[in-house]
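my_file-v7.txt (compact mmCIF, C-alpha atoms) appears below.
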```
# COMPACT_ATOMS: atom_id res chain seq x y z
CA MET A 1 12.49 42.29 -55.08
CA GLU A 2 8.85 41.38 -55.25
CA ALA A 3 6.13 42.97 -57.35
CA ALA A 4 2.54 42.72 -56.20
CA ALA A 5 0.26 41.42 -58.95
CA GLY A 6 -2.81 43.10 -57.51
CA VAL A 7 -4.15 45.19 -54.70
CA ALA A 8 -7.69 44.73 -53.40
CA MET A 9 -9.51 47.17 -51.16
CA GLN A 10 -12.90 46.06 -49.91
CA SER A 11 -15.61 48.42 -48.68
CA ARG A 12 -16.68 48.22 -45.06
CA ALA A 13 -20.03 46.73 -44.15
CA VAL A 14 -21.99 49.08 -41.91
CA GLY A 15 -25.35 48.53 -40.24
CA VAL A 16 -27.83 51.42 -40.00
CA ALA A 17 -31.09 51.39 -38.11
CA GLY A 18 -33.55 54.12 -37.20
CA THR A 19 -34.98 54.51 -33.74
CA GLY A 20 -38.65 54.93 -33.13
CA SER A 21 -38.29 58.71 -33.09
CA CYS A 22 -36.39 58.92 -36.34
CA GLY A 23 -38.45 59.84 -39.37
CA ARG A 24 -41.61 59.70 -37.31
CA ARG A 25 -44.93 60.80 -38.75
CA SER A 26 -47.16 63.51 -37.33
CA GLY A 27 -50.92 63.56 -37.36
CA ASP A 28 -50.92 65.16 -40.81
CA GLY A 29 -48.84 62.32 -42.21
CA ARG A 30 -45.70 64.44 -42.78
CA ALA A 31 -42.39 63.10 -41.61
CA ARG A 32 -40.64 64.80 -38.71
CA PRO A 33 -36.87 64.81 -38.29
CA GLY A 34 -35.72 62.85 -35.28
CA SER A 35 -32.75 61.04 -33.85
CA LEU A 36 -30.96 58.30 -35.69
CA ARG A 37 -29.30 55.24 -34.26
CA VAL A 38 -26.23 54.28 -36.23
CA GLY A 39 -24.43 51.09 -35.46
CA GLY A 40 -23.58 47.57 -36.41
CA PRO A 41 -20.26 45.78 -36.65
CA ALA A 42 -18.00 46.81 -39.46
CA ALA A 43 -15.98 44.27 -41.35
CA ALA A 44 -12.24 44.56 -40.93
CA PRO A 45 -10.60 46.49 -43.77
CA VAL A 46 -8.66 44.49 -46.30
CA LEU A 47 -5.59 45.75 -48.11
CA ARG A 48 -3.70 42.88 -49.62
CA ALA A 49 -1.39 41.96 -52.44
CA ARG A 50 -2.33 38.93 -54.52
CA GLY A 51 -0.24 36.65 -56.70
CA ALA A 52 3.10 38.13 -55.63
CA ARG A 53 6.12 36.59 -57.29
CA PRO A 54 9.83 37.40 -57.64
CA ALA A 55 10.64 39.87 -60.38
CA ASP A 56 13.84 40.76 -62.14
CA PRO A 57 14.75 44.35 -61.14
CA LEU A 58 15.92 45.06 -64.69
CA CYS A 59 12.58 43.96 -66.13
CA CYS A 60 10.91 46.78 -64.27
CA LEU A 61 12.75 49.23 -66.51
CA LYS A 62 11.24 47.67 -69.62
CA THR A 63 7.75 47.10 -68.31
CA SER A 64 4.69 47.76 -70.44
CA ARG A 65 2.46 50.72 -69.76
CA GLY A 66 -0.10 48.43 -68.11
CA HIS A 67 2.48 46.84 -65.84
CA GLN A 68 3.92 50.23 -64.97
CA SER A 69 0.44 51.39 -64.02
CA LEU A 70 0.11 48.33 -61.80
CA HIS A 71 3.39 49.09 -60.05
CA ASN A 72 2.27 52.68 -59.55
CA SER A 73 -1.01 51.50 -58.05
CA VAL A 74 0.81 49.21 -55.64
CA ASP A 75 3.15 52.04 -54.64
CA GLU A 76 0.16 54.33 -54.05
CA ALA A 77 -1.55 51.72 -51.89
CA LEU A 78 1.57 51.19 -49.79
CA LEU A 79 2.07 54.93 -49.37
CA LEU A 80 -1.56 55.32 -48.36
CA LYS A 81 -1.26 52.57 -45.77
CA ARG A 82 1.95 54.07 -44.35
CA LYS A 83 0.38 57.53 -44.05
CA ALA A 84 -2.64 56.03 -42.28
CA GLU A 85 -0.42 54.23 -39.79
CA GLU A 86 1.34 57.52 -39.02
CA VAL A 87 -1.86 59.24 -37.89
CA GLN A 88 -3.93 56.43 -36.37
CA LEU A 89 -2.47 56.70 -32.88
CA GLU A 90 -2.68 60.49 -32.80
CA LEU A 91 -6.31 60.47 -33.94
CA ASN A 92 -7.18 58.34 -30.93
CA GLY A 93 -10.43 57.20 -32.54
CA ARG A 94 -11.74 60.66 -33.27
CA CYS A 95 -14.17 60.96 -36.15
CA ILE A 96 -13.24 62.60 -39.44
CA TYR A 97 -15.76 64.82 -41.22
CA LEU A 98 -15.31 65.66 -44.89
CA VAL A 99 -16.81 68.96 -46.00
CA GLY A 100 -16.82 70.73 -49.34
CA MET A 101 -18.96 71.70 -52.29
CA MET A 102 -21.21 69.16 -53.95
CA GLY A 103 -19.26 67.00 -56.37
CA SER A 104 -15.94 67.58 -54.62
CA GLY A 105 -15.32 63.86 -54.07
CA LYS A 106 -16.11 63.61 -50.37
CA SER A 107 -17.75 60.19 -50.68
CA THR A 108 -14.97 58.67 -52.78
CA VAL A 109 -12.13 59.99 -50.62
CA GLY A 110 -14.07 59.25 -47.44
CA LYS A 111 -14.40 55.56 -48.29
CA ILE A 112 -10.66 55.31 -48.95
CA LEU A 113 -9.80 57.02 -45.65
CA ALA A 114 -12.18 54.77 -43.72
CA GLU A 115 -10.66 51.68 -45.32
CA VAL A 116 -7.03 52.45 -44.50
CA LEU A 117 -7.75 53.85 -41.01
CA GLY A 118 -9.94 50.91 -40.02
CA TYR A 119 -12.89 53.27 -39.53
CA SER A 120 -16.54 52.92 -40.53
CA TYR A 121 -17.83 55.12 -43.33
CA PHE A 122 -21.10 57.05 -43.41
CA ASP A 123 -22.67 59.49 -45.84
CA SER A 124 -24.85 61.99 -43.97
CA ASP A 125 -27.18 62.51 -46.95
CA SER A 126 -27.84 58.77 -47.16
CA LEU A 127 -28.57 58.61 -43.45
CA VAL A 128 -31.09 61.44 -43.77
CA GLU A 129 -32.76 59.63 -46.65
CA GLN A 130 -33.06 56.49 -44.55
CA ALA A 131 -34.29 58.40 -41.51
CA VAL A 132 -37.01 60.20 -43.46
CA GLY A 133 -37.87 57.18 -45.57
CA MET A 134 -37.30 58.77 -48.96
CA PRO A 135 -34.99 57.64 -51.77
CA SER A 136 -33.20 60.93 -52.42
CA VAL A 137 -32.36 64.36 -51.08
CA ALA A 138 -34.05 65.86 -54.13
CA GLN A 139 -37.33 64.22 -53.17
CA ILE A 140 -37.03 65.41 -49.56
CA PHE A 141 -36.59 68.97 -50.84
CA LYS A 142 -39.59 68.57 -53.13
CA VAL A 143 -42.02 66.92 -50.71
CA HIS A 144 -40.95 68.79 -47.59
CA SER A 145 -38.45 71.65 -47.83
CA GLU A 146 -34.78 72.49 -47.58
CA ALA A 147 -35.32 73.60 -43.97
CA PHE A 148 -36.81 70.19 -43.13
CA PHE A 149 -33.80 68.48 -44.72
CA ARG A 150 -31.38 70.70 -42.76
CA ASP A 151 -33.13 69.84 -39.49
CA SER A 152 -32.80 66.13 -40.28
CA GLU A 153 -29.17 66.61 -41.30
CA SER A 154 -28.37 68.28 -37.96
CA SER A 155 -30.04 65.40 -36.09
CA VAL A 156 -27.89 62.90 -37.97
CA LEU A 157 -24.67 64.82 -37.29
CA ARG A 158 -25.61 65.17 -33.62
CA ASP A 159 -25.95 61.40 -33.29
CA LEU A 160 -22.78 60.66 -35.23
CA SER A 161 -20.78 63.10 -33.10
CA SER A 162 -21.30 60.89 -30.03
CA MET A 163 -19.46 58.02 -31.71
CA HIS A 164 -15.87 57.20 -32.54
CA ARG A 165 -13.82 55.82 -35.44
CA LEU A 166 -16.07 57.13 -38.20
CA VAL A 167 -15.37 58.89 -41.48
CA VAL A 168 -18.41 60.99 -42.40
CA ALA A 169 -18.99 62.54 -45.82
CA THR A 170 -21.30 65.50 -45.22
CA GLY A 171 -23.62 67.24 -47.65
CA GLY A 172 -22.37 70.38 -49.35
CA GLY A 173 -24.60 72.63 -47.24
CA ALA A 174 -23.95 71.03 -43.85
CA VAL A 175 -21.48 73.81 -43.06
CA ILE A 176 -24.06 76.61 -43.07
CA ARG A 177 -25.49 75.79 -39.64
CA PRO A 178 -23.25 76.69 -36.67
CA VAL A 179 -24.72 73.84 -34.63
CA ASN A 180 -23.33 71.37 -37.15
CA TRP A 181 -19.84 72.74 -36.58
CA ARG A 182 -20.33 72.20 -32.85
CA TYR A 183 -20.92 68.53 -33.61
CA MET A 184 -18.09 68.22 -36.14
CA LYS A 185 -15.58 69.93 -33.86
CA LYS A 186 -15.77 66.89 -31.61
CA GLY A 187 -13.71 65.25 -34.33
CA LEU A 188 -11.51 66.57 -37.13
CA SER A 189 -12.88 68.25 -40.25
CA ILE A 190 -11.30 68.25 -43.70
CA MET A 191 -12.35 70.52 -46.54
CA LEU A 192 -11.83 69.29 -50.09
CA ASP A 193 -11.23 72.48 -52.06
CA VAL A 194 -11.89 71.88 -55.77
CA PRO A 195 -11.82 74.64 -58.44
CA LEU A 196 -15.35 75.63 -59.46
CA ASP A 197 -14.57 75.01 -63.12
CA ALA A 198 -13.69 71.38 -62.37
CA LEU A 199 -16.80 70.96 -60.21
CA ALA A 200 -19.06 72.36 -62.92
CA LYS A 201 -17.57 69.99 -65.50
CA ARG A 202 -18.08 66.98 -63.22
CA ILE A 203 -21.68 67.88 -62.43
CA ALA A 204 -22.55 68.73 -66.04
CA GLN A 205 -21.31 65.28 -67.10
CA VAL A 206 -23.40 63.30 -64.60
CA GLY A 207 -26.45 65.58 -64.49
CA THR A 208 -28.11 67.57 -61.71
CA ALA A 209 -31.24 65.49 -61.00
CA SER A 210 -29.83 64.31 -57.66
CA ARG A 211 -28.71 67.83 -56.67
CA PRO A 212 -31.82 69.92 -55.91
CA LEU A 213 -29.96 73.22 -55.56
CA LEU A 214 -28.58 72.84 -59.09
CA ASP A 215 -31.44 71.10 -60.87
CA GLN A 216 -32.64 73.88 -63.17
CA PRO A 217 -33.60 73.61 -66.85
CA SER A 218 -30.80 74.93 -69.03
CA ALA A 219 -29.53 74.47 -72.55
CA ASP A 220 -26.00 74.61 -71.18
CA PRO A 221 -25.59 72.42 -68.05
CA TYR A 222 -21.99 73.56 -67.51
CA THR A 223 -22.85 77.27 -67.47
CA ALA A 224 -25.83 76.72 -65.21
CA ALA A 225 -23.79 74.61 -62.80
CA PHE A 226 -20.86 77.03 -62.75
CA THR A 227 -23.12 80.03 -62.10
CA LYS A 228 -24.92 78.35 -59.21
CA LEU A 229 -21.74 76.89 -57.74
CA SER A 230 -20.12 80.33 -57.80
CA LEU A 231 -23.03 81.76 -55.83
CA LEU A 232 -22.95 78.92 -53.30
CA ALA A 233 -19.19 79.23 -52.90
CA GLU A 234 -19.54 82.92 -52.13
CA GLN A 235 -22.29 82.26 -49.60
CA ARG A 236 -20.50 79.39 -47.88
CA GLY A 237 -16.88 80.48 -48.14
CA ASP A 238 -16.56 81.65 -44.53
CA ALA A 239 -18.28 78.52 -43.26
CA TYR A 240 -15.91 76.21 -45.14
CA ALA A 241 -13.00 78.11 -43.59
CA ASN A 242 -13.96 76.59 -40.21
CA ALA A 243 -12.52 73.24 -41.28
CA ASP A 244 -9.44 72.09 -39.38
CA VAL A 245 -7.69 70.95 -42.55
CA ARG A 246 -7.92 72.18 -46.13
CA VAL A 247 -6.88 70.03 -49.09
CA SER A 248 -6.52 72.19 -52.19
CA LEU A 249 -6.70 70.07 -55.32
CA GLU A 250 -5.27 72.94 -57.35
CA GLU A 251 -2.17 73.11 -55.13
CA LEU A 252 -1.86 69.33 -55.05
CA ALA A 253 -2.03 69.09 -58.84
CA ALA A 254 0.68 71.73 -59.19
CA LYS A 255 2.88 69.94 -56.66
CA LYS A 256 2.57 66.70 -58.63
CA GLY A 257 3.27 68.42 -61.94
CA HIS A 258 -0.24 68.04 -63.35
CA ASP A 259 -1.85 70.60 -65.63
CA ASP A 260 -5.36 69.86 -64.39
CA VAL A 261 -6.93 68.60 -61.17
CA SER A 262 -8.72 65.90 -63.18
CA GLN A 263 -5.36 64.13 -63.44
CA LEU A 264 -5.33 63.52 -59.69
CA THR A 265 -6.49 60.12 -58.45
CA PRO A 266 -8.69 59.64 -55.37
CA THR A 267 -5.68 57.98 -53.74
CA ASP A 268 -3.57 61.11 -54.40
CA ILE A 269 -6.18 63.17 -52.58
CA ALA A 270 -6.51 60.69 -49.70
CA VAL A 271 -2.73 60.61 -49.18
CA GLU A 272 -2.64 64.42 -49.11
CA ALA A 273 -5.53 64.47 -46.63
CA LEU A 274 -3.68 62.10 -44.31
CA GLN A 275 -0.54 64.23 -44.53
CA LYS A 276 -2.58 67.34 -43.69
CA ILE A 277 -4.15 65.51 -40.75
CA LYS A 278 -0.70 64.55 -39.49
CA ASN A 279 0.51 68.16 -39.78
CA PHE A 280 -2.55 69.48 -37.97
CA VAL A 281 -2.34 66.96 -35.15
CA THR A 282 1.40 67.54 -34.71
CA GLU A 283 1.06 71.34 -34.64
CA HIS A 284 -1.96 71.22 -32.34
CA SER A 285 -0.28 68.83 -29.95
CA MET A 286 2.83 71.01 -29.73
CA ALA A 287 0.76 74.10 -29.03
CA SER A 288 -1.90 72.73 -26.74
CA GLY A 289 -0.79 69.37 -25.44
CA PRO A 290 -1.90 65.92 -26.57
CA PHE A 291 -4.54 65.96 -29.30
CA ALA A 292 -6.52 63.35 -27.35
CA ASP A 293 -7.16 65.87 -24.59
CA LEU A 294 -8.72 68.48 -26.89
```

Output the file's structure in the form of structure tokens.
Amino acid sequence: MEAAAGVAMQSRAVGVAGTGSCGRRSGDGRARPGSLRVGGPAAAPVLRARGARPADPLCCLKTSRGHQSLHNSVDEALLLKRKAEEVQLELNGRCIYLVGMMGSGKSTVGKILAEVLGYSYFDSDSLVEQAVGMPSVAQIFKVHSEAFFRDSESSVLRDLSSMHRLVVATGGGAVIRPVNWRYMKKGLSIMLDVPLDALAKRIAQVGTASRPLLDQPSADPYTAAFTKLSLLAEQRGDAYANADVRVSLEELAAKKGHDDVSQLTPTDIAVEALQKIKNFVTEHSMASGPFADL
């Protein structure tokens, strides 16, 4: 029996460059949304065990809390890798789009999925920022408008939809435009469904400065965030339902015996997402033929 002394997962290196039409300026000096060229070689993903050495099976029963945590981490990494291998062939290089409310963990889970699937990872908000030439979505909203941002967002998703082997974390409001769903349906979409209470707590802890739809003066950040998130959830509920796969953190926490979704790790969520992808692909293939032909 061997115990891995460490597991390292390295982020993928991705090149991004704008074309001449992307983020172009008009005569009045205001930026116009345009197309975006996304490319560049991605480094091969790395998932490796370091410093492995033989271990006495009985010692594992008396391990310290830290060592037990290490063993659990290794087990999670191996499970994640196995789940990824189960769906890679069926995906056939199709892109994965993560949708969900702001703060739902799309970026964190997306990077993990890209790593284990051997895909490249992109954040659509970051690509819009680069295309427009501004450091944040909040500034784009302030200098231009939400409508301008949404136009740029649609341009980015259009360009990404022509590619393969990408995991894309979308902005929370990307789902409100039907044209964006037309782009995302060329791949497979996953909704991360997080209870509003948990979202409000997360956002209140880190602040709302980077989230223009929530950035409002308030003596109670949690209440302000929860109120606004509730309104957005009501407005976008039907749109989120278009996702091919839904990962409910509340259901996942209950299944794992947790009292709160905050006890879930990003790896827990990524493993569940891969299992949901496998179920979707299997069911779709049985009903309509090979998934690759869809």

message: Restricting the calculation to only C-alpha atoms: of A:Gly237, A:Val245, A:Tyr222, A:Lys278, which residue gets closest to A:Glu86?
response: A:Lys278

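With atom CA of A:Phe226 on one side and atom CA of A:Glu251 on the other, the separation reads 20.6 Å.
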
Sorted by chain and rising residue number, which residues of stretch 156-176 of chain A lie within 8 Å of stretch 100-122 of chain A, and what are their closest atom pairs and distances in Å to one decimal, counting all atoms listed in the file, as JSON lines?
```
{"residue": "A:Arg165", "atom": "CA", "partner": "A:Tyr119", "partner_atom": "CA", "distance": 4.9}
{"residue": "A:Leu166", "atom": "CA", "partner": "A:Ser120", "partner_atom": "CA", "distance": 4.8}
{"residue": "A:Val167", "atom": "CA", "partner": "A:Tyr121", "partner_atom": "CA", "distance": 4.9}
{"residue": "A:Val168", "atom": "CA", "partner": "A:Phe122", "partner_atom": "CA", "distance": 4.9}
{"residue": "A:Ala169", "atom": "CA", "partner": "A:Lys106", "partner_atom": "CA", "distance": 5.5}
{"residue": "A:Thr170", "atom": "CA", "partner": "A:Lys106", "partner_atom": "CA", "distance": 7.6}
{"residue": "A:Gly171", "atom": "CA", "partner": "A:Met102", "partner_atom": "CA", "distance": 7.0}
{"residue": "A:Gly172", "atom": "CA", "partner": "A:Met101", "partner_atom": "CA", "distance": 4.7}
{"residue": "A:Gly173", "atom": "CA", "partner": "A:Met101", "partner_atom": "CA", "distance": 7.6}
```

task: Would you list the contacts of stretch 264-276 of chain A as number ranges by chain, taking every protein, DNA or RNA residue within 9 Å and counting all atoms listed in the file, but skipping same-chain residues closer than 4 positions in sequence?
output: A: 76-77, 79-81, 83-84, 86-87, 105, 108-110, 112-113, 190, 192, 245-247, 249, 252-253, 256, 258, 260, 280-281

task: State, in Å with one decimal place, the distance from atom CA of A:Asn180 to atom CA of A:Ser154.
output: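 Value for the atom CA of A:Asn180-atom CA of A:Ser154 distance: 6.0 Å.
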
message: So the first atom is atom CA of A:Met134 and the second is atom CA of A:Ala174; what is the distance between them in Å, to one decimal place?
response: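 So the answer is 18.8 Å.
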
message: Let me make sure I understand: among A:Val156, A:Ala200, A:Leu231, A:Val175, which one has the smallest atom-to-atom distance to A:Val132 if we use all atoms listed in the file?
response: A:Val156

So for stretch 130-140 of chain A, what box centre and size do we get, axis-aligned, 8 Å extra on each of the six sides, every listed atom, Å to one decimal, as JSON?
```
{"center_x": -35.1, "center_y": 61.2, "center_z": -47.8, "size_x": 21.5, "size_y": 25.4, "size_z": 28.6}
```

query: In terms of the shortest atom-to-atom distance over only C-alpha atoms, which of A:Asn242, A:Ser262, A:Ser230, A:Ser285 is closest to A:Arg202?
result: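 For A:Arg202, the nearest of the candidates is A:Ser262.
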
- prompt: Which of these residues is nearest to A:Ala233, using all atoms listed in the file: A:Ile140, A:Ala254, A:Leu188, A:Leu199?
  reply: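 Checking each of A:Ile140, A:Ala254, A:Leu188, A:Leu199 against A:Ala233, counting all atoms listed in the file, the winner is A:Leu199.
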
query: Is there a way to get, as a ChimeraX atom specification, all residues within 9 Å of the point (-20.8, 63.5, -35.5) in file coordinates, counting all atoms listed in the file?
result: /A:95-97,156-164,166,168,180,183-187

Print the selection's residues with C-alpha atoms to a file, as a PDB file, in the coordinates of the input.
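Writing done, so here's result.pdb:
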```pdb
ATOM      1  CA  CYS A  95     -14.170  60.960 -36.150  1.00  0.00           C
ATOM      2  CA  ILE A  96     -13.240  62.600 -39.440  1.00  0.00           C
ATOM      3  CA  TYR A  97     -15.760  64.820 -41.220  1.00  0.00           C
ATOM      4  CA  VAL A 156     -27.890  62.900 -37.970  1.00  0.00           C
ATOM      5  CA  LEU A 157     -24.670  64.820 -37.290  1.00  0.00           C
ATOM      6  CA  ARG A 158     -25.610  65.170 -33.620  1.00  0.00           C
ATOM      7  CA  ASP A 159     -25.950  61.400 -33.290  1.00  0.00           C
ATOM      8  CA  LEU A 160     -22.780  60.660 -35.230  1.00  0.00           C
ATOM      9  CA  SER A 161     -20.780  63.100 -33.100  1.00  0.00           C
ATOM     10  CA  SER A 162     -21.300  60.890 -30.030  1.00  0.00           C
ATOM     11  CA  MET A 163     -19.460  58.020 -31.710  1.00  0.00           C
ATOM     12  CA  HIS A 164     -15.870  57.200 -32.540  1.00  0.00           C
ATOM     13  CA  LEU A 166     -16.070  57.130 -38.200  1.00  0.00           C
ATOM     14  CA  VAL A 168     -18.410  60.990 -42.400  1.00  0.00           C
ATOM     15  CA  ASN A 180     -23.330  71.370 -37.150  1.00  0.00           C
ATOM     16  CA  TYR A 183     -20.920  68.530 -33.610  1.00  0.00           C
ATOM     17  CA  MET A 184     -18.090  68.220 -36.140  1.00  0.00           C
ATOM     18  CA  LYS A 185     -15.580  69.930 -33.860  1.00  0.00           C
ATOM     19  CA  LYS A 186     -15.770  66.890 -31.610  1.00  0.00           C
ATOM     20  CA  GLY A 187     -13.710  65.250 -34.330  1.00  0.00           C
TER      21      GLY A 187
END
```
